[in-house]
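Engineer: Below is one structure. I have some questions about it.
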Amino acid sequence: MFHRHARAACVGAATVGALVLSALQGTAAASAGPGPSSPVAPAARSAAETLAVSAVQPEVLHAMRRDLGLTAAQARLRLANEAEAGAVAAGLRQRLAGSYAGAWVEGPTSSELTVATTSAAAAAAVRASGARAEVVTHDLARLDATKAALDRAARTAASPGVPVWYVDVRTNSVVVRAWDPAAARSLVARLGAADRSRTRVLPTDEQPRPLYDIRGGDAYYMGGSGRCSVGFAVTRGTQQGFATAGHCGRAGTTTTGYNRVAQGSFQASTFPGRDTAWVATNTNWTATPYVKGAGGANVRVAGSVQQPVGASICRSGSTTGWHCGTIQQHNTSVTYPEGTISGVTRTTVCAEPGDSGGSYISGSQAQGVTSGGSGDCRSGGTTYHQPINPLLQAYGLTLTTSTGPGDPEDPEDPGPGEPGGTWAAGTVYQPGAQVTYGGAAYRCLQGHQAQAGWEPPNVPALWQRV
């Protein structure tokens, strides 16, 4: 079991995380980089330190208390556990390779990590890491392939009666949600026998729609015809701007800010298929590393490490403000009246029209921009966000992040200098990507956009030496 004690949560999380990573990678020192003859390098950071859990602001904790029924101490412990669990699951994914079938966290403080595998022999390695092992039939690659086959089938004959489908690692299947059973059966019938065996059809009353109607979460207006919400501040070279949802506008659509002052224009937009866009702002607007929290307070953005299924997540939008919930599934496809989008994340966070494009954040880590959903913030609902890292990569953008304790500007942590290699700040890395740094090779464990201070030897939660 992957447990923590509430007392001294951050210290305990760092200690357990280091022990777990040591078991997975040989030793933390080996993963950290230079050998004994090399210059002394900064100590490797735990996952909780890398994701700046100790610097999470009170506004995040307050919303987690309100929406997840936690105490402040439980909220902090949950974030620390989720950071460490994500790192452990990422390491096991590399180690288990083709037998890996997904991972998720559970419990009020995310104290239990489960890792699924198709290999009974590999279960021992999972348990040795401190996680619970579940032996299943289908590996994650096969489930993803079935999901991709459904995506292709839907492109040829999409049905509004089948609004959502996704890879569900908890049930080791691809779940198709439908309010029209005949339409669901017709869609699944287009698959091969092997793909059909991995598919489950469940009823739903969802009827998702884009949530139409420069700090993340602030309002902006499109050509005088509607309102959406800022996702995250970004830059492209010296150009400042923000990421948002593609359904909010097309390339060339002009925008005004929350104060109705001229702001900028959409530079690129994709919808349907994906729901991504970015707006370049004029010189009167300055990108800030913040999301609008409860009461208008600034919530800082420290990075973009994607969090696991079951993790807590909060959303900021210009209609309903600040709300929290949990991540239900990654790699989801959802059909709106305008068409199907794929690769979104399904959550229990509520949202309403006008929240579209707004920020999803876990702790201090940017997760994505609001796409659409069903329900509302009075009765509850289901929402979908477009993950931020693919958006950044597609448009060549750099997420605007804050400088906090342990970042390179901290005089007590000067960083490792410039040892050379293929690793580069600003690059979006996906799990499995390989780089060189300081004469050593490293494999990416968790998807993120690299930044100064996250050099591979410093952050074993994100990089494994190979």
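Simple scheme: letters A, B, ... for chains in structure tokens order, numbers from 1 for residues in each chain, numbers from 1 for ligands in the order shown.
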Write out as a PyMOL selection string each polymer residue whose atoms come within 12 Å of Gln263 in chain A, counting only C-alpha atoms; drop sequence neighbours fewer than 4 positions from it.
Structural biologist: chain A and resi 214+219-223+230+240-242+253-259+279-287
Engineer: Fewer than 2 positions away in the same chain doesn't count, so skip those; otherwise give me all residues within 8 Å of Thr427 in chain A, counting only C-alpha atoms, as a list in words.
Structural biologist: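 Once the adjacent positions are removed, what remains is Gln393, Ala424, Ala425, Tyr429, Gln449 and Ala450 of chain A.
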Engineer: So what do you get for CA of Gly321 in chain A versus CA of Val305 in chain A, distance-wise?
Structural biologist: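 One can read the CA of Gly321 in chain A to CA of Val305 in chain A distance as 23.1 Å.
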Engineer: Rank nothing, just name the residue among A:Gly161, A:Gly224, A:Gly325, A:Pro456 nearest to Thr422 in chain A, using only C-alpha atoms.
Structural biologist: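 Once distances to Thr422 in chain A are computed over only C-alpha atoms, the minimum belongs to A:Pro456.
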Engineer: Got a sec: who's within 8 Å of range 373-387 of chain A, counting only C-alpha atoms, leaving out chain neighbours fewer than 6 positions off, as a ChimeraX atom specification?
Structural biologist: /A:206-211,245,274-276,320,343-352,360,367
Engineer: Go ahead and write the selection's residues with C-alpha atoms as a PDB file, in the first residue's frame.
Structural biologist:
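Final output, saved to again_1.pdb:
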ATOM      1  CA  GLU A 206     -24.724  13.532 -20.651  1.00  0.00           C
ATOM      2  CA  GLN A 207     -25.263  15.872 -23.581  1.00  0.00           C
ATOM      3  CA  PRO A 208     -21.950  17.793 -23.646  1.00  0.00           C
ATOM      4  CA  ARG A 209     -21.644  21.125 -25.408  1.00  0.00           C
ATOM      5  CA  PRO A 210     -18.818  23.629 -25.672  1.00  0.00           C
ATOM      6  CA  LEU A 211     -18.994  26.075 -22.777  1.00  0.00           C
ATOM      7  CA  ALA A 245     -10.151  26.551 -26.266  1.00  0.00           C
ATOM      8  CA  ARG A 274      -8.907  18.903 -30.853  1.00  0.00           C
ATOM      9  CA  ASP A 275     -10.051  21.932 -28.878  1.00  0.00           C
ATOM     10  CA  THR A 276      -6.942  24.112 -28.827  1.00  0.00           C
ATOM     11  CA  THR A 320     -18.468  30.126 -12.033  1.00  0.00           C
ATOM     12  CA  GLY A 343      -7.356  13.289 -26.289  1.00  0.00           C
ATOM     13  CA  VAL A 344      -9.211  15.287 -23.637  1.00  0.00           C
ATOM     14  CA  THR A 345      -9.310  14.547 -19.899  1.00  0.00           C
ATOM     15  CA  ARG A 346     -12.611  13.813 -18.118  1.00  0.00           C
ATOM     16  CA  THR A 347     -13.126  15.299 -14.636  1.00  0.00           C
ATOM     17  CA  THR A 348     -15.751  15.744 -11.915  1.00  0.00           C
ATOM     18  CA  VAL A 349     -15.223  19.514 -11.773  1.00  0.00           C
ATOM     19  CA  CYS A 350     -18.347  21.545 -12.580  1.00  0.00           C
ATOM     20  CA  ALA A 351     -18.445  24.287 -15.220  1.00  0.00           C
ATOM     21  CA  GLU A 352     -20.932  26.420 -17.121  1.00  0.00           C
ATOM     22  CA  TYR A 360      -7.357  23.443 -14.920  1.00  0.00           C
ATOM     23  CA  GLN A 367      -3.241  20.558 -16.566  1.00  0.00           C
TER      24      GLN A 367
END
Engineer: Work out how far apart CA of Thr199 in chain A and CA of Ser342 in chain A are and give it in Å to one decimal.
Structural biologist: 17.0 Å
Engineer: Pick the closest to Pro163 in chain A from A:Val105, A:Ala83, A:Cys228, A:Val334: which is it, counting only C-alpha atoms?
Structural biologist: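 With only C-alpha atoms as the atom set, the closest residue is A:Val334.
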Engineer: So, counting only C-alpha atoms, which residue among A:Ser197, A:Thr71, A:Ser318, A:Thr244 is closest to Arg227 in chain A?
Structural biologist: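 Using only C-alpha atoms, Arg227 in chain A sits closest to A:Ser318.
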Engineer: Counting only C-alpha atoms, what is within 6 Å of range 168-179 of chain A, bar same-chain residues fewer than 2 positions away, as a list in words?
Structural biologist: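 Residues near the query, excluding close chain neighbours: Gly102, Gly161, Val162, Val164, Trp165, Tyr166, Arg198, Thr199, Arg200, Val201, Leu202, Pro203, Thr204 and Asp205 of chain A.
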Engineer: Would you kindly return, as a list in words, each protein, DNA or RNA residue with an atom no farther than 8 Å from any atom of Cys314 in chain A, considering only C-alpha atoms and excluding same-chain residues fewer than 6 positions away?
Structural biologist: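 Final neighbour list, sorted by chain and number: Val60, Ala63, Met64, Trp322, His323, Cys324, Gly325, Val349, Tyr360, Ile361 and Ser362 of chain A.
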Engineer: Among range 218-359 of chain A, which residues carry a DSSP assignment of helix (DSSP H, G or I), reported as an MDAnalysis selection string?
Structural biologist: chainID A and resid 246:248 294:296
Engineer: Counting only C-alpha atoms, what is within 7 Å of Thr235 in chain A, bar same-chain residues fewer than 6 positions away, as a PyMOL selection string?
Structural biologist: chain A and resi 241+397-400
Engineer: With only C-alpha atoms as the atoms that count, which of A:Ala44, A:Ala311, A:Leu187, A:Ala262 lies nearest to Asn81 in chain A?
Structural biologist: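 The shortest atom-to-atom distance to Asn81 in chain A comes from A:Ala311.
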Engineer: DSSP says strand (DSSP E or B) for which residues of range 50-145 of chain A? Put them as a PyMOL selection string?
Structural biologist: chain A and resi 100-106+112-117+132-135
Engineer: Give me, please, the distance in Å between CA of Thr401 in chain A and CA of Ala452 in chain A, quoted to one decimal.
Structural biologist: 10.5 Å
